[in-house]
There are 2 protein chains.
Amino acid sequence: MQNEQWLINGNPKGRPLEQDDFLKQVVSLDELSSGEVRVRVELLSFDPSQKGQMENIGYAAATEVGQVMRATGIGEVIESKVSSIAVGTKVMGSLGWQRYATLPGTQVEPLSNAAPWSAYLGPLGGTGLTAYFGLLRVGQPTPGDTVLVSGAAGATGSIVGQLARLAGCRVVGIAGGPDKCAWLVNELGFDAAIDYKNDRVKAMIRETCPSGVNVYFDNVGGSILNDALACIALNARVVICGGISRYQEAVLPPGPANYFNLVFQRASMLGFLVTDYAADFPAARDRLAKWLASGDLLYKEDIQEGFEQIPATLQRVFNGANFGKQLLRLESPD
Amino acid sequence: MQNEQWLINGNPKGRPLEQDDFLKQVVSLDELSSGEVRVRVELLSFDPSQKGQMENIGYAAATEVGQVMRATGIGEVIESKVSSIAVGTKVMGSLGWQRYATLPGTQVEPLSNAAPWSAYLGPLGGTGLTAYFGLLRVGQPTPGDTVLVSGAAGATGSIVGQLARLAGCRVVGIAGGPDKCAWLVNELGFDAAIDYKNDRVKAMIRETCPSGVNVYFDNVGGSILNDALACIALNARVVICGGISRYQEAVLPPGPANYFNLVFQRASMLGFLVTDYAADFPAARDRLAKWLASGDLLYKEDIQEGFEQIPATLQRVFNGANFGKQLLRLESPD
């Protein structure tokens with residue numbers, strides 16, 4: 001049986017991704033070894049840190065040109081040499097950009113049907129857990145706080161804002177374009193939204209957060225982080241989660257000139273990686289799944305189609321084309 | 001009786017201080033009111049935040065052109081309408097740049113002779129307390145940590161490094177010039193010193209802190225803060241205390257481009273103001289005074305002389321001319 005794969009073919013450090021950064025190959029599938037399962041990949045997850053992984057800037061194990069591009073996905077077990085994992089089981093794991101993934105049974109996670117499968121790549125997956133631990137453990141919001149979040153219509157930001165609302169906070173989101181802003185306020189219950197493409201961001205933060213920002217959850221870096229730092233309240237927590245504005249530049253862009261406002265406001269800027277909270281993932285997933293089931297937590301997906309579209313789909317998360325968690329469904333290979 | 005004063009005569013925001021930013025005047029002293037004391041100013045303290053106060057950038061109550069320049073000082077009570085404060089008492093307070101300060105008895109602090117008077121403006125004063133609370137409460141060093149401090153030969157930095165040594169840490173200081181670096185290592189017991197005027201700072205931090213920096217105490221901002229951020233260890237605390245590199249520029253200089261390393265290292269950048277710890281100042285002063293008496297804590301003073309030299313003495317703290325806590329002794333007015 002044949003397997004199609006997208007390999008890493010370039011290091012995009014300091015520039016936008018290009019189609020040539022990936023190379024397609026067809027290989028024969030080896031026979032399964034003891035302890036392994038074979039998964040037909042059905043759904044792949046895309047997020048900005050995947051470019052960082054190609055650049056080896058510190059997120060995860062190093063990558064190399066010639067490797068299958070790493071990605072989290074969901075698929076169905078079509079062959080198993082693990083007694084506890086039956087053929088037909090839906091599993092999640094680091095499946096990669098390929099039609100079939102062969103990996104140890106210990107490296108896949110069988111999924112329960114507490115939520116739609118795709119939710120395990122969004123609100124119940126890395127982005128949802130990042131929102132959960134980043135906001136609740138690192139940002140430590142208290143009821144009545146004003147929580148500001150950038151990338152607010154994104155997979156992480158939209159969950160951050162809704163969790164802040166559930167925590168009794170006033171929530172303001174920053175997103176690109178009127179459609180995303182309307183979604184935040186009208187559907188997700190944000191108290192206000194700032195369109196960074198049209199509004200003067202700092203003035204709008206001051207207007208929508210008149211008592212200052214108690215928790216700022218930063219998904220973007222750059223001038224928006226700097227504007228937010230100008231508006232923090234006493235003892236504010238600035239949670240650094242993502243820095244998408246840094247991912248495409250040849251030279252590291254300047255840091256936030258307003259960092260010194262941390263002193264005047266006795267505030268803190270906090271980095272975290274969600275993997276440090278792995279022991280608590282199951283409990284967090286349970287809570288998130290209940291909020292999904294009750295309708296307290298909404299999410300949006302942008303699902304592209306087709307194996308050929310995989311590289312172009314990763315580019316979408318950098319140009320803001322996606323609205324909702326970026327996924328891709330592989331067509332059936334038959 | 002006549003009083004001589006230096007008034008604020010300009011706002012030096014975005015540029016270095018100039019002599020014309022201050023204007024001398026002679027006024028007659030009013031009669032003392034009930035509850036007031038009159039203090040003959042003997043010793044004045046100088047530090048970078050005084051320029052920030054002239055610029056009204058957020059440290060303290062606003063200042064205006066025409067006001068007596070604010071400064072902490074020590075003097076002797078020469079007239080008192082407060083029953084509990086006798087003539088002849090040595091007191092500390094916000095005396096200002098003048099020969100005589102007239103102020104409510106509640107706003108001066110009688111000094112004990114647990115240490116030389118001048119120590120109350122240095123290791124037992126704002127700079128020593130800033131070091132104490134900034135390092136111990138905010139930075140939270142644990143034995144075995146590597147503590148890096150910039151402005152290490154300064155009034156705050158030199159105490160930070162010695163307190164870190166007392167806390168069982170490995171201590172590396174960054175200072176300007178071989179004399180200051182030699183003093184840190186040979187007299188104060190620092191494990192290493194980096195001369196930012198001659199050494200490649202980032203390479204030297206890596207060399208002297210091979211396991212990374214657990215606590216970085218920043219007195220300077222700018223490129224040194226950025227270099228330190230590149231070298232932080234897992235869970236590091238970056239304590240932001242001063243930003244002298246920001247005080248003389250017309251445009252806010254760029255922030256630290258390496259701030260995102262906070263994420264990879266799950267680290268935090270923490271602002272604080274020492275005034276928040278006022279309730280614990282007496283206990284901290286007691287400990288610091290004991291370490292001064294035992295010789296565990298050393299300090300150096302740079303004492304200029306004369307009322308006419310006051311404005312020029314503030315400029316010294318910005319050009320690195322001072323070696324040790326910057327003070328000025330007023331000649332006797334007789």
# chains A, B, ... in the order shown; residues from 1 in each chain; ligands from 1

call {"tool": "interface_residues", "arguments": {"of": "chain A", "to": "chain B", "cutoff": "6 Å", "atoms": "only C-alpha atoms", "output": "VMD selection string"}}
result
chain A and resid 254 to 257 262 to 263 266 to 272

call {"tool": "write_last_selection", "arguments": {"atoms": "N, CA and C atoms", "output": "short mmCIF file (atom, residue, chain, number, x, y, z; two decimals), in the first residue's frame"}}
result
data_model
loop_
_atom_site.label_atom_id
_atom_site.label_comp_id
_atom_site.auth_asym_id
_atom_site.auth_seq_id
_atom_site.Cartn_x
_atom_site.Cartn_y
_atom_site.Cartn_z
N PRO A 254 11.28 44.89 17.02
CA PRO A 254 11.56 45.45 18.35
C PRO A 254 10.59 44.91 19.38
N GLY A 255 11.03 44.84 20.61
CA GLY A 255 10.14 44.44 21.70
C GLY A 255 9.25 45.60 22.09
N PRO A 256 8.38 45.37 23.07
CA PRO A 256 7.43 46.41 23.47
C PRO A 256 8.11 47.52 24.26
N ALA A 257 8.15 48.70 23.66
CA ALA A 257 8.82 49.84 24.30
C ALA A 257 8.15 50.20 25.63
N LEU A 262 5.24 48.09 33.35
CA LEU A 262 5.15 47.02 34.35
C LEU A 262 5.58 47.53 35.72
N VAL A 263 6.55 48.44 35.75
CA VAL A 263 7.04 48.97 37.03
C VAL A 263 5.98 49.87 37.65
N ARG A 266 3.19 47.89 38.85
CA ARG A 266 3.52 46.70 39.66
C ARG A 266 2.91 45.46 38.99
N ALA A 267 3.14 45.36 37.72
CA ALA A 267 2.49 44.32 36.92
C ALA A 267 3.51 43.26 36.52
N SER A 268 3.02 42.18 35.93
CA SER A 268 3.93 41.12 35.53
C SER A 268 3.61 40.66 34.12
N MET A 269 4.66 40.25 33.42
CA MET A 269 4.54 39.67 32.09
C MET A 269 4.98 38.23 32.20
N LEU A 270 4.11 37.31 31.81
CA LEU A 270 4.28 35.91 32.16
C LEU A 270 4.29 35.01 30.93
N GLY A 271 5.34 34.23 30.78
CA GLY A 271 5.39 33.25 29.71
C GLY A 271 4.97 31.89 30.23
N PHE A 272 4.41 31.08 29.33
CA PHE A 272 4.05 29.72 29.76
C PHE A 272 4.00 28.82 28.53
#

call {"tool": "residues_around", "arguments": {"residues": "segment 174-190 of chain B", "least_positions_apart": "2", "cutoff": "12 Å", "atoms": "only C-alpha atoms", "output": "number ranges by chain"}}
result
B: 146-155, 157-166, 168-172, 192-202, 204-205, 208, 216-220, 224-225, 227-228, 295-300, 319-324

call {"tool": "write_last_selection", "arguments": {"atoms": "C-alpha atoms", "output": "short mmCIF file (atom, residue, chain, number, x, y, z; two decimals), in the first residue's frame"}}
result
data_model
loop_
_atom_site.label_atom_id
_atom_site.label_comp_id
_atom_site.auth_asym_id
_atom_site.auth_seq_id
_atom_site.Cartn_x
_atom_site.Cartn_y
_atom_site.Cartn_z
CA THR B 146 22.39 32.26 39.59
CA VAL B 147 21.52 35.93 40.08
CA LEU B 148 22.59 38.45 37.44
CA VAL B 149 22.37 42.15 38.23
CA SER B 150 23.02 45.16 36.02
CA GLY B 151 24.10 48.53 37.34
CA ALA B 152 25.90 46.25 39.77
CA ALA B 153 28.28 48.85 41.15
CA GLY B 154 25.42 51.28 41.76
CA ALA B 155 23.67 51.99 45.02
CA GLY B 157 22.77 46.90 42.32
CA SER B 158 25.65 46.50 44.77
CA ILE B 159 23.21 45.70 47.59
CA VAL B 160 21.23 43.33 45.35
CA GLY B 161 24.36 41.33 44.59
CA GLN B 162 25.43 41.09 48.22
CA LEU B 163 21.95 40.08 49.37
CA ALA B 164 21.93 37.40 46.68
CA ARG B 165 25.27 36.17 48.00
CA LEU B 166 23.81 36.09 51.54
CA GLY B 168 23.22 31.40 48.92
CA CYS B 169 23.23 32.33 45.24
CA ARG B 170 25.92 32.56 42.64
CA VAL B 171 26.17 36.27 41.74
CA VAL B 172 27.27 37.93 38.51
CA ALA B 192 32.06 37.27 38.38
CA ALA B 193 31.68 40.69 36.83
CA ILE B 194 31.06 41.74 33.24
CA ASP B 195 32.38 45.08 31.99
CA TYR B 196 29.74 46.27 29.54
CA LYS B 197 32.11 48.86 28.15
CA ASN B 198 34.64 46.26 27.04
CA ASP B 199 33.08 42.83 27.02
CA ARG B 200 30.62 41.32 24.59
CA VAL B 201 27.82 41.23 27.11
CA LYS B 202 25.70 38.34 25.84
CA MET B 204 29.99 36.90 28.75
CA ILE B 205 26.62 36.22 30.39
CA THR B 208 29.65 33.30 33.51
CA TYR B 216 17.92 38.88 36.56
CA PHE B 217 17.67 42.21 38.39
CA ASP B 218 17.55 44.96 35.79
CA ASN B 219 18.60 48.50 36.63
CA VAL B 220 19.32 49.68 33.09
CA ILE B 224 21.63 44.72 28.43
CA LEU B 225 18.08 43.74 29.37
CA ASP B 227 20.94 40.24 26.26
CA ALA B 228 19.94 39.00 29.70
CA GLY B 295 30.57 43.69 57.65
CA ASP B 296 28.50 41.29 55.59
CA LEU B 297 27.17 44.21 53.59
CA LEU B 298 29.55 46.84 52.23
CA TYR B 299 28.74 50.05 50.44
CA LYS B 300 30.50 52.88 48.75
CA ASN B 319 26.89 59.73 32.86
CA GLY B 320 28.27 57.02 35.13
CA ALA B 321 30.73 59.46 36.78
CA ASN B 322 29.72 58.33 40.25
CA PHE B 323 31.18 55.21 41.82
CA GLY B 324 28.98 54.43 44.80
#

call {"tool": "select_by_dssp", "arguments": {"residues": "segment 45-251 of chain A", "states": "helix (DSSP H, G or I)", "output": "tab-separated table (two decimals) with N, CA and C atoms, in the first residue's frame"}}
result
chain	number	residue	atom	x	y	z
A	49	SER	N	2.37	27.90	15.58
A	49	SER	CA	3.60	27.36	16.15
A	49	SER	C	4.23	26.31	15.23
A	50	GLN	N	3.47	25.82	14.23
A	50	GLN	CA	4.07	24.85	13.31
A	50	GLN	C	5.20	25.46	12.48
A	51	LYS	N	5.05	26.74	12.16
A	51	LYS	CA	6.16	27.40	11.45
A	51	LYS	C	7.36	27.54	12.40
A	52	GLY	N	7.08	27.88	13.66
A	52	GLY	CA	8.16	27.96	14.64
A	52	GLY	C	8.89	26.63	14.78
A	53	GLN	N	8.15	25.54	14.69
A	53	GLN	CA	8.80	24.22	14.77
A	53	GLN	C	9.72	23.97	13.58
A	54	MET	N	9.29	24.42	12.39
A	54	MET	CA	10.16	24.27	11.21
A	54	MET	C	11.45	25.07	11.38
A	55	GLU	N	11.35	26.18	12.15
A	55	GLU	CA	12.50	27.07	12.34
A	55	GLU	C	13.34	26.65	13.54
A	105	GLY	N	1.33	2.51	19.72
A	105	GLY	CA	0.02	2.71	20.33
A	105	GLY	C	0.04	3.66	21.50
A	106	THR	N	1.19	3.75	22.17
A	106	THR	CA	1.31	4.66	23.31
A	106	THR	C	1.27	6.12	22.89
A	107	GLN	N	1.43	6.38	21.60
A	107	GLN	CA	1.48	7.78	21.15
A	107	GLN	C	0.19	8.26	20.53
A	117	TRP	N	-15.73	14.93	16.92
A	117	TRP	CA	-14.29	14.62	16.79
A	117	TRP	C	-13.46	15.89	16.62
A	118	SER	N	-13.90	16.77	15.76
A	118	SER	CA	-13.05	17.92	15.43
A	118	SER	C	-12.80	18.81	16.65
A	119	ALA	N	-13.69	18.75	17.63
A	119	ALA	CA	-13.49	19.59	18.82
A	119	ALA	C	-12.20	19.21	19.55
A	120	TYR	N	-11.75	17.95	19.35
A	120	TYR	CA	-10.51	17.53	20.01
A	120	TYR	C	-9.27	18.20	19.40
A	121	LEU	N	-9.45	18.82	18.24
A	121	LEU	CA	-8.35	19.60	17.67
A	121	LEU	C	-8.52	21.09	17.95
A	126	GLY	N	-5.07	21.36	21.74
A	126	GLY	CA	-4.00	22.24	22.19
A	126	GLY	C	-4.44	23.69	22.35
A	127	THR	N	-5.23	24.18	21.41
A	127	THR	CA	-5.60	25.60	21.50
A	127	THR	C	-6.55	25.85	22.67
A	128	GLY	N	-7.52	24.94	22.88
A	128	GLY	CA	-8.43	25.11	24.00
A	128	GLY	C	-7.73	24.98	25.34
A	129	LEU	N	-6.82	24.02	25.42
A	129	LEU	CA	-6.09	23.83	26.67
A	129	LEU	C	-5.14	24.99	26.94
A	130	THR	N	-4.58	25.53	25.87
A	130	THR	CA	-3.72	26.71	26.02
A	130	THR	C	-4.52	27.87	26.58
A	131	ALA	N	-5.73	28.04	26.06
A	131	ALA	CA	-6.60	29.10	26.58
A	131	ALA	C	-6.93	28.85	28.05
A	132	TYR	N	-7.28	27.61	28.35
A	132	TYR	CA	-7.71	27.26	29.71
A	132	TYR	C	-6.60	27.52	30.74
A	133	PHE	N	-5.42	26.95	30.49
A	133	PHE	CA	-4.35	27.09	31.48
A	133	PHE	C	-3.71	28.48	31.43
A	134	GLY	N	-3.60	29.02	30.23
A	134	GLY	CA	-3.00	30.36	30.10
A	134	GLY	C	-3.83	31.42	30.80
A	135	LEU	N	-5.14	31.35	30.60
A	135	LEU	CA	-5.97	32.35	31.26
A	135	LEU	C	-6.12	32.05	32.75
A	136	LEU	N	-6.55	30.81	33.07
A	136	LEU	CA	-6.99	30.55	34.44
A	136	LEU	C	-5.82	30.34	35.41
A	137	ARG	N	-4.77	29.65	34.95
A	137	ARG	CA	-3.64	29.42	35.86
A	137	ARG	C	-2.63	30.56	35.83
A	138	VAL	N	-2.34	31.05	34.62
A	138	VAL	CA	-1.29	32.07	34.51
A	138	VAL	C	-1.88	33.47	34.72
A	139	GLY	N	-2.97	33.76	34.03
A	139	GLY	CA	-3.57	35.09	34.13
A	139	GLY	C	-4.32	35.34	35.42
A	155	ALA	N	-8.52	30.52	17.38
A	155	ALA	CA	-8.88	29.30	18.09
A	155	ALA	C	-8.60	29.42	19.59
A	156	THR	N	-7.48	30.02	19.94
A	156	THR	CA	-7.18	30.20	21.36
A	156	THR	C	-7.92	31.41	21.93
A	157	GLY	N	-7.81	32.54	21.25
A	157	GLY	CA	-8.37	33.78	21.77
A	157	GLY	C	-9.87	33.71	22.03
A	158	SER	N	-10.59	33.03	21.15
A	158	SER	CA	-12.04	32.98	21.32
A	158	SER	C	-12.41	32.18	22.56
A	159	ILE	N	-11.63	31.16	22.89
A	159	ILE	CA	-11.89	30.39	24.12
A	159	ILE	C	-11.46	31.20	25.34
A	160	VAL	N	-10.34	31.90	25.23
A	160	VAL	CA	-9.90	32.75	26.35
A	160	VAL	C	-11.01	33.72	26.75
A	161	GLY	N	-11.58	34.40	25.75
A	161	GLY	CA	-12.60	35.39	26.05
A	161	GLY	C	-13.83	34.78	26.70
A	162	GLN	N	-14.24	33.63	26.21
A	162	GLN	CA	-15.43	33.00	26.78
A	162	GLN	C	-15.17	32.46	28.18
A	163	LEU	N	-13.96	31.94	28.42
A	163	LEU	CA	-13.63	31.49	29.77
A	163	LEU	C	-13.58	32.68	30.72
A	164	ALA	N	-13.07	33.81	30.24
A	164	ALA	CA	-13.04	35.01	31.08
A	164	ALA	C	-14.46	35.45	31.42
A	165	ARG	N	-15.36	35.34	30.43
A	165	ARG	CA	-16.77	35.68	30.70
A	165	ARG	C	-17.33	34.73	31.76
A	166	LEU	N	-17.03	33.43	31.63
A	166	LEU	CA	-17.50	32.45	32.62
A	166	LEU	C	-16.90	32.72	34.00
A	178	PRO	N	-14.67	43.64	10.65
A	178	PRO	CA	-15.98	43.79	11.30
A	178	PRO	C	-16.71	42.46	11.51
A	179	ASP	N	-16.53	41.48	10.62
A	179	ASP	CA	-17.23	40.21	10.79
A	179	ASP	C	-16.77	39.50	12.06
A	180	LYS	N	-15.45	39.44	12.23
A	180	LYS	CA	-14.93	38.78	13.42
A	180	LYS	C	-15.36	39.53	14.68
A	181	CYS	N	-15.30	40.85	14.62
A	181	CYS	CA	-15.69	41.65	15.81
A	181	CYS	C	-17.17	41.45	16.14
A	182	ALA	N	-18.00	41.41	15.12
A	182	ALA	CA	-19.44	41.21	15.37
A	182	ALA	C	-19.68	39.84	15.99
A	183	TRP	N	-18.96	38.84	15.51
A	183	TRP	CA	-19.10	37.48	16.07
A	183	TRP	C	-18.76	37.46	17.56
A	184	LEU	N	-17.68	38.15	17.91
A	184	LEU	CA	-17.25	38.16	19.32
A	184	LEU	C	-18.35	38.74	20.21
A	185	VAL	N	-18.91	39.86	19.80
A	185	VAL	CA	-19.88	40.55	20.65
A	185	VAL	C	-21.25	39.87	20.58
A	186	ASN	N	-21.69	39.54	19.36
A	186	ASN	CA	-23.07	39.06	19.20
A	186	ASN	C	-23.24	37.59	19.52
A	201	VAL	N	-5.99	51.43	17.91
A	201	VAL	CA	-6.09	50.38	18.94
A	201	VAL	C	-5.93	50.94	20.34
A	202	LYS	N	-4.90	51.75	20.58
A	202	LYS	CA	-4.68	52.21	21.95
A	202	LYS	C	-5.85	53.06	22.44
A	203	ALA	N	-6.32	53.95	21.61
A	203	ALA	CA	-7.46	54.79	22.02
A	203	ALA	C	-8.68	53.93	22.30
A	204	MET	N	-8.88	52.89	21.51
A	204	MET	CA	-10.04	52.03	21.72
A	204	MET	C	-9.89	51.17	22.97
A	205	ILE	N	-8.67	50.76	23.28
A	205	ILE	CA	-8.49	50.02	24.54
A	205	ILE	C	-8.87	50.94	25.71
A	206	ARG	N	-8.38	52.18	25.66
A	206	ARG	CA	-8.70	53.11	26.76
A	206	ARG	C	-10.22	53.32	26.86
A	207	GLU	N	-10.87	53.38	25.72
A	207	GLU	CA	-12.31	53.65	25.74
A	207	GLU	C	-13.09	52.44	26.25
A	208	THR	N	-12.68	51.23	25.83
A	208	THR	CA	-13.45	50.04	26.20
A	208	THR	C	-13.02	49.45	27.55
A	222	GLY	N	4.04	42.48	18.88
A	222	GLY	CA	4.10	43.68	18.05
A	222	GLY	C	3.42	44.90	18.66
A	223	SER	N	2.85	45.73	17.81
A	223	SER	CA	2.32	47.02	18.29
A	223	SER	C	1.11	46.83	19.18
A	224	ILE	N	0.39	45.74	19.00
A	224	ILE	CA	-0.81	45.54	19.84
A	224	ILE	C	-0.39	45.22	21.28
A	225	LEU	N	0.63	44.40	21.43
A	225	LEU	CA	1.17	44.16	22.78
A	225	LEU	C	1.63	45.48	23.40
A	226	ASN	N	2.30	46.29	22.61
A	226	ASN	CA	2.80	47.56	23.13
A	226	ASN	C	1.65	48.48	23.56
A	227	ASP	N	0.61	48.54	22.74
A	227	ASP	CA	-0.55	49.37	23.09
A	227	ASP	C	-1.23	48.84	24.36
A	228	ALA	N	-1.34	47.54	24.47
A	228	ALA	CA	-1.98	46.96	25.65
A	228	ALA	C	-1.18	47.29	26.91
A	229	LEU	N	0.15	47.23	26.81
A	229	LEU	CA	0.99	47.53	27.97
A	229	LEU	C	0.78	48.96	28.45
A	244	ILE	N	2.56	36.03	16.74
A	244	ILE	CA	2.46	35.78	15.30
A	244	ILE	C	3.12	36.88	14.50
A	245	SER	N	3.15	38.11	15.06
A	245	SER	CA	3.77	39.21	14.32
A	245	SER	C	5.28	38.99	14.19
A	246	ARG	N	5.83	38.08	14.98
A	246	ARG	CA	7.27	37.83	14.92
A	246	ARG	C	7.64	36.74	13.94

call {"tool": "closest_residue", "arguments": {"among": "A:Pro282, A:Gly144, A:Gly306, A:Pro12", "to": "Ser112 of chain A", "atoms": "only C-alpha atoms"}}
result
A:Pro282

call {"tool": "atom_distance", "arguments": {"atom1": "atom CA of Leu29 of chain B", "atom2": "atom CA of Gln5 of chain B"}}
result
11.2 Å

call {"tool": "atom_distance", "arguments": {"atom1": "atom CA of Thr72 of chain B", "atom2": "atom CA of Met92 of chain B"}}
result
7.2 Å

call {"tool": "residues_around", "arguments": {"residues": "Leu7 of chain A", "least_positions_apart": "2", "cutoff": "12 Å", "atoms": "only C-alpha atoms", "output": "PyMOL selection string"}}
result
chain A and resi 4-5+9-11+19-27+54+63-71+96-98+310-311

call {"tool": "atom_distance", "arguments": {"atom1": "atom CA of Val215 of chain A", "atom2": "atom CA of Ala230 of chain A"}}
result
12.8 Å

call {"tool": "decode", "arguments": {"residues": "segment 264-275 of chain A", "atoms": "N, CA and C atoms", "output": "PDB file, in the first residue's frame"}}
result
ATOM      1  N   PHE A 264       5.527  50.854  36.884  1.00  0.00           N
ATOM      2  CA  PHE A 264       4.571  51.808  37.458  1.00  0.00           C
ATOM      3  C   PHE A 264       3.302  51.100  37.924  1.00  0.00           C
ATOM      4  N   GLN A 265       2.914  50.055  37.227  1.00  0.00           N
ATOM      5  CA  GLN A 265       1.689  49.349  37.577  1.00  0.00           C
ATOM      6  C   GLN A 265       1.961  48.107  38.418  1.00  0.00           C
ATOM      7  N   ARG A 266       3.192  47.889  38.851  1.00  0.00           N
ATOM      8  CA  ARG A 266       3.518  46.699  39.655  1.00  0.00           C
ATOM      9  C   ARG A 266       2.905  45.464  38.989  1.00  0.00           C
ATOM     10  N   ALA A 267       3.138  45.359  37.718  1.00  0.00           N
ATOM     11  CA  ALA A 267       2.490  44.322  36.922  1.00  0.00           C
ATOM     12  C   ALA A 267       3.506  43.263  36.524  1.00  0.00           C
ATOM     13  N   SER A 268       3.022  42.182  35.930  1.00  0.00           N
ATOM     14  CA  SER A 268       3.928  41.118  35.528  1.00  0.00           C
ATOM     15  C   SER A 268       3.614  40.660  34.118  1.00  0.00           C
ATOM     16  N   MET A 269       4.664  40.248  33.425  1.00  0.00           N
ATOM     17  CA  MET A 269       4.545  39.674  32.088  1.00  0.00           C
ATOM     18  C   MET A 269       4.978  38.225  32.203  1.00  0.00           C
ATOM     19  N   LEU A 270       4.109  37.306  31.808  1.00  0.00           N
ATOM     20  CA  LEU A 270       4.285  35.907  32.158  1.00  0.00           C
ATOM     21  C   LEU A 270       4.293  35.014  30.926  1.00  0.00           C
ATOM     22  N   GLY A 271       5.338  34.233  30.781  1.00  0.00           N
ATOM     23  CA  GLY A 271       5.387  33.250  29.709  1.00  0.00           C
ATOM     24  C   GLY A 271       4.966  31.889  30.227  1.00  0.00           C
ATOM     25  N   PHE A 272       4.406  31.084  29.333  1.00  0.00           N
ATOM     26  CA  PHE A 272       4.050  29.723  29.757  1.00  0.00           C
ATOM     27  C   PHE A 272       3.999  28.823  28.529  1.00  0.00           C
ATOM     28  N   LEU A 273       4.115  27.536  28.746  1.00  0.00           N
ATOM     29  CA  LEU A 273       3.877  26.556  27.687  1.00  0.00           C
ATOM     30  C   LEU A 273       2.866  25.560  28.230  1.00  0.00           C
ATOM     31  N   VAL A 274       1.858  25.281  27.427  1.00  0.00           N
ATOM     32  CA  VAL A 274       0.742  24.471  27.907  1.00  0.00           C
ATOM     33  C   VAL A 274       1.178  23.064  28.299  1.00  0.00           C
ATOM     34  N   THR A 275       2.249  22.584  27.682  1.00  0.00           N
ATOM     35  CA  THR A 275       2.707  21.227  27.964  1.00  0.00           C
ATOM     36  C   THR A 275       3.075  21.027  29.437  1.00  0.00           C
TER      37      THR A 275
END
